[in-house]
Every structure is written in structure tokens, then in C-alpha cells.
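*Asks:* Structure in C-alpha cells, see below.
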Amino acid sequence: MHAIARLRGHKEVIVVNGGSQDTTVQIARQHGACLIREQGGRGRQLHAGASLAMADILWFLHADTIPPANAVEHIKEALQGPDIVGGCFAVTFAGSTFSARFLTWLFRRLHKVGLCYGDAAIFVKRHYYTSMGGFPPFPIFEDVALLQSLKAMGRLVECPAAVTTSSRRIKRCGLVRTLGLWTALQVLYWLGVSPYTLGRFYRPVKGQMQTPP
């Protein structure tokens, strides 16, 4: 929330809490954010927040991702042009470890071939988001599904700036295991396996990665 507070430009902040037991609620209230509670998976949570937003531009930022102070300006500039429907930022993984540097390199290459995830702080013009029905209520790959639908409606762009996302899960789970899990789930999704089925495999591992030491 401190990173959001220092963003330049007008913004409306909506925090969707999925039932965390930490200080999320107190911090959100201290910063004057609109706070709602929504469970049932990330897709439902993101869409719940978007449904309350009043602005013409929607920006979806994960709690462990820090944007640059001029992110709002970058978004407005990126969305100039009638054929542009949305976009994202480049991603930098926090830290100087080999894992963080490798994943930063890898994500930049994935973006170049059109593969992007929610860590990249996706933004979209509200009209297009509403027209395609918004985020599907998936527990996983809701971000990939959204971008696939948006690509059919227009052009997606990448801002010439990066957001910084946490490397915590990679540190706790290990680079090889994390990459193996992501790759297996992505391939299965491309092969047509339901995101609800994949979510049942992902949740136990995610819980292990996020358990405090």
C-alpha cells in the first residue's frame, strides 16, 4: 500500500481480501482504500474488485508487486490509440540471486512471444473488459484467459517500465521445482485441462510455498 500511496496521478484503490490472517485489512484502511472480501479464487477476487471500480481504466496489481512511481502516467500513455485495448509492464523479480535474475530474464522473453501473467500488472480499458465479460472465475490462469480474450478485440502493449514482484515463493520452493510446476500447469492448460482441475494441484504447492519459515 505504501507503493500505491506514492503513485503520481489520480487513482481509485480497491483492495480485495481473500481471507488473509495478516495485517492486510488494517493497512488498507489506514491508506483509505476501498476494502472488500471475496473468496473462491483469484479470478473471482479480481473481477469483484473491477465490478466496483468507477474509472475508465482498470489496473490489476498483485499484493506482492511494487509499481514504479510514474506507473499511472505510463499506463495512460500506453493506452493512446483506438486499436489498443490494454497491456502490462515488464517484470523484475526482487533480489540479486541467480533465481531472481534468471526469472527476470525469462519473463522478458515470454512477453516477447505474447505470454504474460498477472505479475506483470495488467491494465485494460474498461469498455473492453466489460464487453468480454471480465476475468473468468478460475482459480488459476484467469490472467492468461483474460489476455487471450482481449487479444481478439485489439492490440496489447507493454510499458517501457518494470514492476518489481516478490521472489519469496521461489526462495522457499526452489527455482527448479517452481519452474517445473509452472511449465507443467501451463502445458496442461494449453492441452485443454480445466483450470478448476489444475487449481486442485496448484493450491497444495502454493500453500507450501507461502507457509512462513
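Chain labels A, B, ... are given in the sequence in which chains occur in the C-alpha cells; within each chain residues are numbered consecutively from 1, and ligands are likewise numbered from 1 in the order shown.
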Apply DSSP to the backbone of this structure and, from segment 22-192 of chain A, keep only the residues in helix (DSSP H, G or I); write these as a ChimeraX atom specification.

*Replies:* /A:24-30,42-52,71-78,98-112,118-120,126-131,142-151,168-173,175-190

*Asks:* Quick one: everything within 7 Å of Leu35 of chain A, counting only C-alpha atoms, minus sequence neighbours fewer than 3 positions away in the same chain. Send it as a PDB file with N, CA and C atoms, in the first residue's frame.

*Replies:*
```pdb
ATOM      1  N   ILE A  14      -8.868  -0.172  -4.782  1.00  0.00           N
ATOM      2  CA  ILE A  14      -9.778  -1.182  -4.247  1.00  0.00           C
ATOM      3  C   ILE A  14      -8.952  -2.396  -3.868  1.00  0.00           C
ATOM      4  N   VAL A  15      -9.015  -2.793  -2.616  1.00  0.00           N
ATOM      5  CA  VAL A  15      -8.282  -3.956  -2.128  1.00  0.00           C
ATOM      6  C   VAL A  15      -9.266  -5.097  -1.914  1.00  0.00           C
ATOM      7  N   VAL A  16      -8.987  -6.233  -2.553  1.00  0.00           N
ATOM      8  CA  VAL A  16      -9.840  -7.414  -2.400  1.00  0.00           C
ATOM      9  C   VAL A  16      -9.107  -8.404  -1.509  1.00  0.00           C
ATOM     10  N   ALA A  28      -4.868  -1.538   4.602  1.00  0.00           N
ATOM     11  CA  ALA A  28      -5.746  -0.983   3.564  1.00  0.00           C
ATOM     12  C   ALA A  28      -6.595   0.157   4.125  1.00  0.00           C
TER      13      ALA A  28
END
```

*Asks:* So, counting only C-alpha atoms, which residue among A:Pro67, A:Gly49, A:Gly118, A:Gly40 is closest to Leu7 of chain A?

*Replies:*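 Among the listed residues, the smallest separation from Leu7 of chain A belongs to A:Pro67.
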
*Asks:* Tell me which protein, DNA and RNA residues are within 12 Å of Tyr189 of chain A, counting only C-alpha atoms, leaving out same-chain ones fewer than 4 positions away, and put them as a ChimeraX atom specification.

*Replies:* /A:138,140-142,144-145,182-185,193-199

*Asks:* Neighbouring residues of segment 122-134 of chain A were defined as those with any atom within 7 Å, considering only C-alpha atoms; residues of the same chain fewer than 5 positions away were excluded. Please report them as a PDB file with all heavy atoms, in the first residue's frame.

*Replies:*
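This is the output file out23.pdb:
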```pdb
ATOM      1  N   HIS A  47     -12.265  -9.929 -10.405  1.00  0.00           N
ATOM      2  CA  HIS A  47     -13.480  -9.426 -11.044  1.00  0.00           C
ATOM      3  C   HIS A  47     -14.348  -8.665 -10.048  1.00  0.00           C
ATOM      4  O   HIS A  47     -14.998  -7.678 -10.413  1.00  0.00           O
ATOM      5  CB  HIS A  47     -14.268 -10.583 -11.658  1.00  0.00           C
ATOM      6  CG  HIS A  47     -15.442 -10.124 -12.475  1.00  0.00           C
ATOM      7  ND1 HIS A  47     -15.312  -9.345 -13.609  1.00  0.00           N
ATOM      8  CD2 HIS A  47     -16.789 -10.311 -12.308  1.00  0.00           C
ATOM      9  CE1 HIS A  47     -16.505  -9.090 -14.117  1.00  0.00           C
ATOM     10  NE2 HIS A  47     -17.412  -9.652 -13.333  1.00  0.00           N
ATOM     11  N   ASP A  56     -12.317   4.647 -16.077  1.00  0.00           N
ATOM     12  CA  ASP A  56     -12.346   4.130 -17.455  1.00  0.00           C
ATOM     13  C   ASP A  56     -11.187   3.180 -17.731  1.00  0.00           C
ATOM     14  O   ASP A  56     -11.188   2.491 -18.750  1.00  0.00           O
ATOM     15  CB  ASP A  56     -12.299   5.287 -18.459  1.00  0.00           C
ATOM     16  CG  ASP A  56     -13.563   6.143 -18.413  1.00  0.00           C
ATOM     17  OD1 ASP A  56     -14.624   5.589 -18.096  1.00  0.00           O
ATOM     18  OD2 ASP A  56     -13.462   7.353 -18.690  1.00  0.00           O
ATOM     19  N   ILE A  57     -10.199   3.163 -16.860  1.00  0.00           N
ATOM     20  CA  ILE A  57      -9.049   2.269 -16.993  1.00  0.00           C
ATOM     21  C   ILE A  57      -8.964   1.394 -15.744  1.00  0.00           C
ATOM     22  O   ILE A  57      -8.999   1.904 -14.620  1.00  0.00           O
ATOM     23  CB  ILE A  57      -7.734   3.049 -17.165  1.00  0.00           C
ATOM     24  CG1 ILE A  57      -7.778   3.911 -18.431  1.00  0.00           C
ATOM     25  CG2 ILE A  57      -6.541   2.090 -17.228  1.00  0.00           C
ATOM     26  CD1 ILE A  57      -6.594   4.844 -18.575  1.00  0.00           C
ATOM     27  N   LEU A  58      -8.856   0.102 -15.937  1.00  0.00           N
ATOM     28  CA  LEU A  58      -8.735  -0.846 -14.825  1.00  0.00           C
ATOM     29  C   LEU A  58      -7.304  -1.364 -14.790  1.00  0.00           C
ATOM     30  O   LEU A  58      -6.736  -1.736 -15.820  1.00  0.00           O
ATOM     31  CB  LEU A  58      -9.706  -2.013 -15.015  1.00  0.00           C
ATOM     32  CG  LEU A  58     -11.190  -1.646 -15.131  1.00  0.00           C
ATOM     33  CD1 LEU A  58     -12.018  -2.897 -15.427  1.00  0.00           C
ATOM     34  CD2 LEU A  58     -11.693  -0.956 -13.881  1.00  0.00           C
ATOM     35  N   TRP A  59      -6.755  -1.417 -13.595  1.00  0.00           N
ATOM     36  CA  TRP A  59      -5.374  -1.870 -13.409  1.00  0.00           C
ATOM     37  C   TRP A  59      -5.350  -2.898 -12.288  1.00  0.00           C
ATOM     38  O   TRP A  59      -5.817  -2.631 -11.183  1.00  0.00           O
ATOM     39  CB  TRP A  59      -4.481  -0.682 -13.085  1.00  0.00           C
ATOM     40  CG  TRP A  59      -3.024  -0.990 -12.953  1.00  0.00           C
ATOM     41  CD1 TRP A  59      -2.333  -1.996 -13.561  1.00  0.00           C
ATOM     42  CD2 TRP A  59      -2.066  -0.265 -12.182  1.00  0.00           C
ATOM     43  NE1 TRP A  59      -1.009  -1.954 -13.231  1.00  0.00           N
ATOM     44  CE2 TRP A  59      -0.811  -0.892 -12.377  1.00  0.00           C
ATOM     45  CE3 TRP A  59      -2.144   0.855 -11.360  1.00  0.00           C
ATOM     46  CZ2 TRP A  59       0.356  -0.439 -11.766  1.00  0.00           C
ATOM     47  CZ3 TRP A  59      -0.985   1.311 -10.756  1.00  0.00           C
ATOM     48  CH2 TRP A  59       0.245   0.669 -10.957  1.00  0.00           C
ATOM     49  N   PHE A  60      -4.825  -4.074 -12.581  1.00  0.00           N
ATOM     50  CA  PHE A  60      -4.850  -5.185 -11.628  1.00  0.00           C
ATOM     51  C   PHE A  60      -3.429  -5.434 -11.107  1.00  0.00           C
ATOM     52  O   PHE A  60      -2.551  -5.869 -11.850  1.00  0.00           O
ATOM     53  CB  PHE A  60      -5.408  -6.438 -12.298  1.00  0.00           C
ATOM     54  CG  PHE A  60      -6.793  -6.232 -12.836  1.00  0.00           C
ATOM     55  CD1 PHE A  60      -6.996  -5.890 -14.165  1.00  0.00           C
ATOM     56  CD2 PHE A  60      -7.894  -6.354 -12.012  1.00  0.00           C
ATOM     57  CE1 PHE A  60      -8.273  -5.681 -14.664  1.00  0.00           C
ATOM     58  CE2 PHE A  60      -9.178  -6.154 -12.496  1.00  0.00           C
ATOM     59  CZ  PHE A  60      -9.374  -5.812 -13.830  1.00  0.00           C
ATOM     60  N   VAL A  85      -6.250  -2.105 -26.572  1.00  0.00           N
ATOM     61  CA  VAL A  85      -7.264  -2.482 -25.579  1.00  0.00           C
ATOM     62  C   VAL A  85      -6.695  -2.574 -24.166  1.00  0.00           C
ATOM     63  O   VAL A  85      -7.421  -2.435 -23.179  1.00  0.00           O
ATOM     64  CB  VAL A  85      -7.934  -3.820 -25.957  1.00  0.00           C
ATOM     65  CG1 VAL A  85      -8.619  -3.705 -27.308  1.00  0.00           C
ATOM     66  CG2 VAL A  85      -6.916  -4.960 -25.974  1.00  0.00           C
ATOM     67  N   GLY A  86      -5.399  -2.840 -24.058  1.00  0.00           N
ATOM     68  CA  GLY A  86      -4.799  -2.988 -22.739  1.00  0.00           C
ATOM     69  C   GLY A  86      -3.322  -3.292 -22.851  1.00  0.00           C
ATOM     70  O   GLY A  86      -2.725  -3.176 -23.922  1.00  0.00           O
ATOM     71  N   GLY A  87      -2.736  -3.698 -21.736  1.00  0.00           N
ATOM     72  CA  GLY A  87      -1.310  -4.002 -21.752  1.00  0.00           C
ATOM     73  C   GLY A  87      -0.805  -4.432 -20.389  1.00  0.00           C
ATOM     74  O   GLY A  87      -1.582  -4.776 -19.498  1.00  0.00           O
ATOM     75  N   CYS A  88       0.504  -4.358 -20.234  1.00  0.00           N
ATOM     76  CA  CYS A  88       1.132  -4.778 -18.982  1.00  0.00           C
ATOM     77  C   CYS A  88       2.490  -4.108 -18.859  1.00  0.00           C
ATOM     78  O   CYS A  88       2.906  -3.345 -19.733  1.00  0.00           O
ATOM     79  CB  CYS A  88       1.276  -6.297 -18.940  1.00  0.00           C
ATOM     80  SG  CYS A  88       2.414  -6.940 -20.193  1.00  0.00           S
ATOM     81  N   LEU A 146      -7.928 -14.025 -19.698  1.00  0.00           N
ATOM     82  CA  LEU A 146      -8.331 -12.641 -19.946  1.00  0.00           C
ATOM     83  C   LEU A 146      -7.568 -12.065 -21.120  1.00  0.00           C
ATOM     84  O   LEU A 146      -8.158 -11.462 -22.027  1.00  0.00           O
ATOM     85  CB  LEU A 146      -8.080 -11.794 -18.700  1.00  0.00           C
ATOM     86  CG  LEU A 146      -8.380 -10.301 -18.871  1.00  0.00           C
ATOM     87  CD1 LEU A 146      -9.873 -10.043 -18.783  1.00  0.00           C
ATOM     88  CD2 LEU A 146      -7.638  -9.458 -17.836  1.00  0.00           C
ATOM     89  N   SER A 149      -8.667 -13.320 -24.521  1.00  0.00           N
ATOM     90  CA  SER A 149      -9.909 -12.682 -24.983  1.00  0.00           C
ATOM     91  C   SER A 149      -9.657 -11.265 -25.464  1.00  0.00           C
ATOM     92  O   SER A 149     -10.230 -10.822 -26.465  1.00  0.00           O
ATOM     93  CB  SER A 149     -10.944 -12.682 -23.858  1.00  0.00           C
ATOM     94  OG  SER A 149     -11.303 -13.986 -23.481  1.00  0.00           O
TER      95      SER A 149
END
```

*Asks:* Go through A:Gln26, A:Thr164, A:Thr178, A:Gln186 and flag the residue nearest Gly95 of chain A, using only C-alpha atoms for the distances.

*Replies:*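 Of the candidates, the smallest distance to Gly95 of chain A is held by A:Thr164.
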
*Asks:* If you run DSSP on the backbone here, which positions in segment 68-127 of chain A get strand (DSSP E or B)? Please write them as a PyMOL selection string.

*Replies:* chain A and resi 84-93+123-125

*Asks:* Can you tell me, as a count of residues only, what residues are no more than 8 Å from Glu12 of chain A when counting only C-alpha atoms, ignoring any on the same chain fewer than 2 positions away?

*Replies:* 6

*Asks:* Which polymer residues have any atom within 9 Å of an atom of Ala3 of chain A, counting only C-alpha atoms, with same-chain residues fewer than 5 positions away left out, as a list in words?

*Replies:* Ile66, Pro67, Pro68 and Ala69 of chain A

*Asks:* Selected residues, N, CA, C and O atoms, written as an mmCIF file, in the first residue's frame, please.

*Replies:*
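Output file again-v1.cif follows:
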```
data_model
loop_
_atom_site.group_PDB
_atom_site.id
_atom_site.type_symbol
_atom_site.label_atom_id
_atom_site.label_comp_id
_atom_site.auth_asym_id
_atom_site.auth_seq_id
_atom_site.Cartn_x
_atom_site.Cartn_y
_atom_site.Cartn_z
ATOM 1 N N ILE A 66 5.340 -4.369 -6.706
ATOM 2 C CA ILE A 66 5.549 -2.939 -6.454
ATOM 3 C C ILE A 66 5.708 -2.208 -7.792
ATOM 4 O O ILE A 66 6.616 -2.525 -8.572
ATOM 5 N N PRO A 67 4.839 -1.237 -8.067
ATOM 6 C CA PRO A 67 4.939 -0.492 -9.328
ATOM 7 C C PRO A 67 5.874 0.703 -9.196
ATOM 8 O O PRO A 67 6.143 1.182 -8.085
ATOM 9 N N PRO A 68 6.377 1.250 -10.320
ATOM 10 C CA PRO A 68 7.155 2.485 -10.272
ATOM 11 C C PRO A 68 6.243 3.664 -9.951
ATOM 12 O O PRO A 68 5.033 3.605 -10.182
ATOM 13 N N ALA A 69 6.807 4.741 -9.422
ATOM 14 C CA ALA A 69 6.019 5.889 -9.001
ATOM 15 C C ALA A 69 5.256 6.542 -10.152
ATOM 16 O O ALA A 69 4.192 7.147 -9.954
#
```

*Asks:* With only C-alpha atoms as the counted atoms, please give the residues lying no more than 10 Å from Arg37 of chain A, apart from itself and same-chain residues fewer than 5 positions off, as a list of chain:residue names.

*Replies:* A:Val15, A:Val16, A:Asn17, A:Gly18, A:Gly19, A:Ser20, A:Val25, A:Gln45, A:Ala48, A:Gly49

*Asks:* Create the file for the chosen residues now, containing N, CA and C atoms and written as a compact mmCIF listing (two decimals), in the first residue's frame.

*Replies:*
```txt
# COMPACT_ATOMS: atom_id res chain seq x y z
N VAL A 15 -9.01 -2.79 -2.62
CA VAL A 15 -8.28 -3.96 -2.13
C VAL A 15 -9.27 -5.10 -1.91
N VAL A 16 -8.99 -6.23 -2.55
CA VAL A 16 -9.84 -7.41 -2.40
C VAL A 16 -9.11 -8.40 -1.51
N ASN A 17 -9.68 -8.67 -0.36
CA ASN A 17 -9.06 -9.56 0.62
C ASN A 17 -9.70 -10.94 0.52
N GLY A 18 -8.87 -11.94 0.29
CA GLY A 18 -9.38 -13.30 0.16
C GLY A 18 -9.46 -14.06 1.47
N GLY A 19 -9.35 -13.35 2.59
CA GLY A 19 -9.43 -14.01 3.89
C GLY A 19 -8.09 -14.15 4.58
N SER A 20 -7.13 -13.29 4.24
CA SER A 20 -5.80 -13.38 4.85
C SER A 20 -5.88 -13.11 6.35
N VAL A 25 -6.02 -6.00 6.18
CA VAL A 25 -7.21 -5.17 6.42
C VAL A 25 -6.82 -3.85 7.08
N GLN A 45 -11.89 -12.87 -7.27
CA GLN A 45 -11.44 -11.72 -6.50
C GLN A 45 -11.14 -10.52 -7.39
N ALA A 48 -14.36 -9.11 -8.80
CA ALA A 48 -15.13 -8.41 -7.78
C ALA A 48 -14.62 -6.99 -7.60
N GLY A 49 -13.31 -6.84 -7.58
CA GLY A 49 -12.74 -5.50 -7.47
C GLY A 49 -13.05 -4.65 -8.68
```

*Asks:* Could you check which of A:Thr165, A:Thr23, A:Gln148, A:Thr97 is closest to Leu61 of chain A, using only C-alpha atoms?

*Replies:*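 Looking only at the distances to Leu61 of chain A, the closest residue turns out to be A:Thr165.
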
*Asks:* Which distance in Å separates atom CA of Ala63 of chain A and atom CA of Val176 of chain A, to one decimal?

*Replies:*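 Taking atom CA of Ala63 of chain A and atom CA of Val176 of chain A, their separation equals 24.1 Å.
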